[in-house]
Amino acid sequence: MGNIDEHFKIDYSHAKAKDNVIFKGEKYRITILTERLIRFEYSEDGLFYDGLTERVINRDFPRPEYDVIEDGKYLEITTKYFKLTYVKNKPFVGSKMAPDANLKVALQNTDKLWFFNHPEARNFKGTTISLDDDSTKASFYKGLYSTDGFSSIDDSTSLLLTETGELVPPSPGRVDTYLFIYRRDFGLCLRDYFTLTGRPSLIPRYALGIWWNKDEIYSFEDLKKLFANFARNRIPYSVLLLGNNWHVKTDLPKTGYTFNKSLFTNPQLFVNYMHERGVRVGLTIDPSEGISRQEERYQIIKNNLNISEDKNIPFNVFDSNLLMQYFHELINPLNELGIDFYFIDYYNKKDLDTLKALNYYHFNDYKKYVALRGMLLSRNSLVAPHRTPVHYSGQTIVSWDTLKFLPFFNSTASNIGVSWWSHDVGGYKDGIEDSELYLRSVELATFSPIFRFSAKHGHYFKREPWRWDIKTLNIVRDYCNLRHRLIPYLYAEGYKYHKTGLPLIQPLYYQNPEVYDEPLYKNEYYFGGELFVAPITVKKDIVMNRAIEKIFLPNGVWYDFKTGKKFMGNHRYVTFYKDEDYPVFAKAGSIIPLAELEENINVTNSPKTMEVHVFPGKSNTYKLYEDDGYSSLFEQGYYIMTYIDYNYLQNNYTLIVRPTEGKTGIIPEKRNYKIRFRNTREADDVLTYIDKDVVITNNYVEDNDFIVFVKDVPTTSQLTINCKGKDIEIDAVRIVNEEVDSIISDLQIETRLKDKIANIFFSDSDLRKKRILIRKLKKDGLDAIFVRMFLKLLDYIKEI
């Protein structure tokens, strides 16, 4: 075994816990890391491990508060969260019955008790490796969120991480377990977990845009035409991920590291071309077959490894000599071309160790060799995956079943602190191409962590929006543009996740655990701190031409993000959505920063013009984080944090945009602000200041929104907008009759019948009489299919 590169070297200064939190005997060691986190080790030979593992990279926690009672036989440790009792030097597992266990941990102020081999049956699970082939059969692994208020992680079989940064197999027979005991304080549990395992990585800004990842045999000329089609249709995309056909095909068909010169005559020219147009380039790599004799740098690698035979070289990620040749001769030349990241398309459920190591080495090699922020797409290795995003959910089937599963899947991943999952928008393979399924997939992707168009090779997999009918194209364009405009919000929320561990997606059941088993509501989720999504995952009613959604909104006041309609929280609703509409809600007082698309719509940099949506009803402060989007300089203070303060009174409200910390030169020197006050009439009096100077603004009404447009605001200055007026807030309460009227209006039935139907629906008659009158319309010429539809609609309205 040789030495791996110096840039993989690990900081070992925080590997060992403080001596004053360790309780050690001949065969055991118990470490109290926080009031909620304990490490348990047991060894018959009395040897314990103080180094790092692939999962655990810090044990140097501040000493927590606890009380100890100890004698020669017993140990008792108490914090405000738990009471631990242990019969010293005995195996942690006693009999199979909990009362006879040698080690017990009781949750304070509850009747709950944890012991080794506890079934932890109330654990809400975490995530899985991938969803290849059939998402409905996915097996979830244990997470941290449990209604018991505790969860354990076994680190005994994790790969060990040496000071040189090398991953090596563990010693057999280790017992090394971490127990999180948090009662209902799951946020504190996540904080402990990320302190132990490392904070989530801040992904590059471009990754939040739209990806193109169809596994076609593209040449440079093909990609120019593809780019032109995106541009012609005004659809942005920021990431081009080439599939398995970019490289020379050898006797190892899946594996390759040399650009196919018949497709890319000048790879450097190709990469430069995409970068100049604001598109980042990723390459698919699967090293599982080894290194072919036909590989361009084969002879160099063979000589450096002192291999005499002229044969393919098997790949072994744990052979450090081979690993370094892999990076030096195969990967780093691609890095030097300007390749932005790699998709590690390695899939072997029986060999997770190789996947773990590939993810670890690739992520850190790029981060340190290229000296830019780490970025990766790969299947989930299950061990601290939040450190090596983005995660690929596998080759999913084109189906409504897949779509229905994805929101719950994303939410469940939050239970182990993972946010950056990437799914094939529309599904990857098989199934039937269906415009409605495609639309709903795009709409879900708009409000998902990563938006990636993808499909296997094949002409009839239609992921290109312009290959569908004009209605589908227009809706997809609108949502693609909305996704691109959402990047300032998504990036700020991603930074919050990186800094605090608060996942981008949080399931509804965090606040309302009772909905976990309710199929109607278990897919709903919070999308960052300001938005709430109730995704559409079933086909629409064909006759009504609406998706019928039964949704539950949590406590508070909520506004439909598109229409501004007002909904009271802690209430169930039946709602009706056209193809172009989607159930996304902003809470009262929400502040949503959006980018205005620039001439080059692919660019994901901090925008020159920003539109800020401000919803009425409550004061709020939004922290807008910005940096260069790709380097690690933010760790040295090269970023800007801008607070957007909304001070709300019903007829007198003020918005203040003020930089609070960071360094200049990170974002545009001056910015145009389009402040969109939602559900607001034109104010009688508007005063706008840049610092202390009064400035002239362009104020106007658009739909139900009042807009204040301010040009050329220095981003180091404070912008203040004060609006006053009488009854300027539009209540905009959701009225079901308006939705019913819209359904009637759109139906292909005689106009004279529409008036009769409306008179029935909007009358004061009871439900029974309305049903009778609707049935009678059959004699008046109303087709039976519409009679059944209106009877069903009456039942839905009854539920409202």
# chains A, B, ... in the order shown; residues from 1 in each chain; ligands from 1
$ select_by_dssp --residues "segment 556-796 of chain A" --states "strand (DSSP E or B)" --output "MDAnalysis selection string"
chainID A and resid 557:560 566:568 571:577 584:587 591:595 609:614 620:626 640:647 652:662 670:677 680 685:690 693:694 698:702 705:714 719:724 729 733
$ residues_around --residues "Asp645 of chain A" --least-positions-apart "6" --cutoff "8 Å" --atoms "only C-alpha atoms" --output "ChimeraX atom specification"
/A:619-622,654-657
$ write_last_selection --atoms "N, CA and C atoms" --output "mmCIF file, in the first residue's frame"
data_model
loop_
_atom_site.group_PDB
_atom_site.id
_atom_site.type_symbol
_atom_site.label_atom_id
_atom_site.label_comp_id
_atom_site.auth_asym_id
_atom_site.auth_seq_id
_atom_site.Cartn_x
_atom_site.Cartn_y
_atom_site.Cartn_z
ATOM 1 N N SER A 619 -45.633 40.371 10.533
ATOM 2 C CA SER A 619 -44.265 40.871 10.372
ATOM 3 C C SER A 619 -43.307 39.688 10.255
ATOM 4 N N ASN A 620 -42.194 39.918 9.569
ATOM 5 C CA ASN A 620 -41.265 38.819 9.320
ATOM 6 C C ASN A 620 -39.911 39.398 8.929
ATOM 7 N N THR A 621 -38.862 38.599 9.080
ATOM 8 C CA THR A 621 -37.535 38.941 8.566
ATOM 9 C C THR A 621 -37.006 37.755 7.781
ATOM 10 N N TYR A 622 -36.569 38.011 6.554
ATOM 11 C CA TYR A 622 -35.957 36.959 5.749
ATOM 12 C C TYR A 622 -34.471 37.254 5.594
ATOM 13 N N THR A 654 -44.007 48.568 6.289
ATOM 14 C CA THR A 654 -42.681 49.011 5.854
ATOM 15 C C THR A 654 -41.835 47.799 5.495
ATOM 16 N N LEU A 655 -41.126 47.899 4.395
ATOM 17 C CA LEU A 655 -40.162 46.878 3.995
ATOM 18 C C LEU A 655 -38.779 47.503 3.992
ATOM 19 N N ILE A 656 -37.829 46.839 4.664
ATOM 20 C CA ILE A 656 -36.455 47.333 4.741
ATOM 21 C C ILE A 656 -35.520 46.250 4.217
ATOM 22 N N VAL A 657 -34.689 46.591 3.252
ATOM 23 C CA VAL A 657 -33.668 45.687 2.723
ATOM 24 C C VAL A 657 -32.321 46.229 3.167
#
$ atom_distance --atom1 "atom CA of Pro519 of chain A" --atom2 "atom CA of Gly149 of chain A"
23.6 Å
$ select_by_dssp --residues "segment 70-293 of chain A" --states "alpha helix (DSSP H)" --output "VMD selection string"
chain A and resid 186 to 197 220 to 232 267 to 276
$ closest_residue --among "A:Glu436, A:Asp712, A:Asp310, A:Glu661" --to "Phe634 of chain A" --atoms "only C-alpha atoms"
A:Glu661
$ decode --residues "segment 260-271 of chain A" --atoms "all heavy atoms" --output "CSV table (one decimal), in the first residue's frame"
chain,number,residue,atom,x,y,z
A,260,ASN,N,-14.6,10.7,-26.5
A,260,ASN,CA,-14.7,10.1,-27.9
A,260,ASN,C,-14.5,11.3,-28.9
A,260,ASN,O,-15.3,12.1,-29.1
A,260,ASN,CB,-16.1,9.5,-28.1
A,260,ASN,CG,-16.2,8.8,-29.4
A,260,ASN,OD1,-15.5,9.1,-30.4
A,260,ASN,ND2,-17.1,7.8,-29.4
A,261,LYS,N,-13.4,11.2,-29.6
A,261,LYS,CA,-13.0,12.3,-30.5
A,261,LYS,C,-13.9,12.4,-31.7
A,261,LYS,O,-13.9,13.4,-32.4
A,261,LYS,CB,-11.5,12.2,-30.9
A,261,LYS,CG,-10.6,12.3,-29.7
A,261,LYS,CD,-10.7,13.7,-29.0
A,261,LYS,CE,-9.9,13.7,-27.7
A,261,LYS,NZ,-8.4,13.4,-27.8
A,262,SER,N,-14.6,11.3,-32.0
A,262,SER,CA,-15.5,11.4,-33.2
A,262,SER,C,-16.8,12.2,-32.8
A,262,SER,O,-17.5,12.7,-33.7
A,262,SER,CB,-15.9,10.0,-33.6
A,262,SER,OG,-16.6,9.3,-32.6
A,263,LEU,N,-17.0,12.3,-31.5
A,263,LEU,CA,-18.2,13.1,-31.0
A,263,LEU,C,-17.7,14.5,-30.5
A,263,LEU,O,-18.4,15.5,-30.7
A,263,LEU,CB,-18.9,12.4,-29.8
A,263,LEU,CG,-19.4,11.0,-30.2
A,263,LEU,CD1,-20.0,10.3,-28.9
A,263,LEU,CD2,-20.5,11.1,-31.2
A,264,PHE,N,-16.5,14.5,-29.9
A,264,PHE,CA,-16.0,15.8,-29.4
A,264,PHE,C,-14.6,15.9,-29.9
A,264,PHE,O,-13.6,15.5,-29.2
A,264,PHE,CB,-16.0,15.7,-27.8
A,264,PHE,CG,-17.4,15.6,-27.3
A,264,PHE,CD1,-17.9,14.3,-27.0
A,264,PHE,CD2,-18.2,16.7,-27.0
A,264,PHE,CE1,-19.2,14.1,-26.4
A,264,PHE,CE2,-19.5,16.5,-26.5
A,264,PHE,CZ,-20.0,15.2,-26.2
A,265,THR,N,-14.4,16.5,-31.0
A,265,THR,CA,-13.1,16.7,-31.6
A,265,THR,C,-12.2,17.4,-30.7
A,265,THR,O,-11.0,17.1,-30.6
A,265,THR,CB,-13.2,17.4,-33.0
A,265,THR,OG1,-14.2,16.8,-33.8
A,265,THR,CG2,-11.9,17.5,-33.7
A,266,ASN,N,-12.7,18.5,-30.1
A,266,ASN,CA,-11.9,19.3,-29.2
A,266,ASN,C,-12.7,19.4,-27.8
A,266,ASN,O,-13.5,20.3,-27.7
A,266,ASN,CB,-11.6,20.7,-29.8
A,266,ASN,CG,-10.7,21.5,-28.9
A,266,ASN,OD1,-10.6,21.4,-27.7
A,266,ASN,ND2,-10.0,22.4,-29.6
A,267,PRO,N,-12.4,18.5,-26.9
A,267,PRO,CA,-13.2,18.6,-25.6
A,267,PRO,C,-13.1,19.9,-24.9
A,267,PRO,O,-14.0,20.4,-24.3
A,267,PRO,CB,-12.6,17.4,-24.8
A,267,PRO,CG,-12.0,16.5,-25.8
A,267,PRO,CD,-11.5,17.4,-26.9
A,268,GLN,N,-11.9,20.5,-25.0
A,268,GLN,CA,-11.7,21.8,-24.3
A,268,GLN,C,-12.6,22.9,-24.9
A,268,GLN,O,-13.3,23.7,-24.2
A,268,GLN,CB,-10.3,22.3,-24.4
A,268,GLN,CG,-10.0,23.5,-23.6
A,268,GLN,CD,-10.0,23.3,-22.1
A,268,GLN,OE1,-9.2,22.7,-21.5
A,268,GLN,NE2,-11.1,23.9,-21.4
A,269,LEU,N,-12.7,22.9,-26.2
A,269,LEU,CA,-13.6,23.8,-26.9
A,269,LEU,C,-15.1,23.6,-26.5
A,269,LEU,O,-15.8,24.5,-26.3
A,269,LEU,CB,-13.5,23.7,-28.4
A,269,LEU,CG,-14.3,24.7,-29.3
A,269,LEU,CD1,-13.8,26.1,-29.0
A,269,LEU,CD2,-14.1,24.3,-30.7
A,270,PHE,N,-15.5,22.3,-26.4
A,270,PHE,CA,-16.8,22.0,-25.9
A,270,PHE,C,-17.1,22.5,-24.5
A,270,PHE,O,-18.2,23.2,-24.3
A,270,PHE,CB,-17.0,20.5,-26.0
A,270,PHE,CG,-18.1,19.9,-25.1
A,270,PHE,CD1,-19.4,20.2,-25.3
A,270,PHE,CD2,-17.7,19.1,-24.0
A,270,PHE,CE1,-20.4,19.8,-24.4
A,270,PHE,CE2,-18.7,18.6,-23.1
A,270,PHE,CZ,-20.0,19.0,-23.4
A,271,VAL,N,-16.2,22.3,-23.6
A,271,VAL,CA,-16.4,22.7,-22.2
A,271,VAL,C,-16.5,24.2,-22.2
A,271,VAL,O,-17.4,24.8,-21.5
A,271,VAL,CB,-15.3,22.2,-21.3
A,271,VAL,CG1,-15.5,22.8,-19.9
A,271,VAL,CG2,-15.4,20.6,-21.2
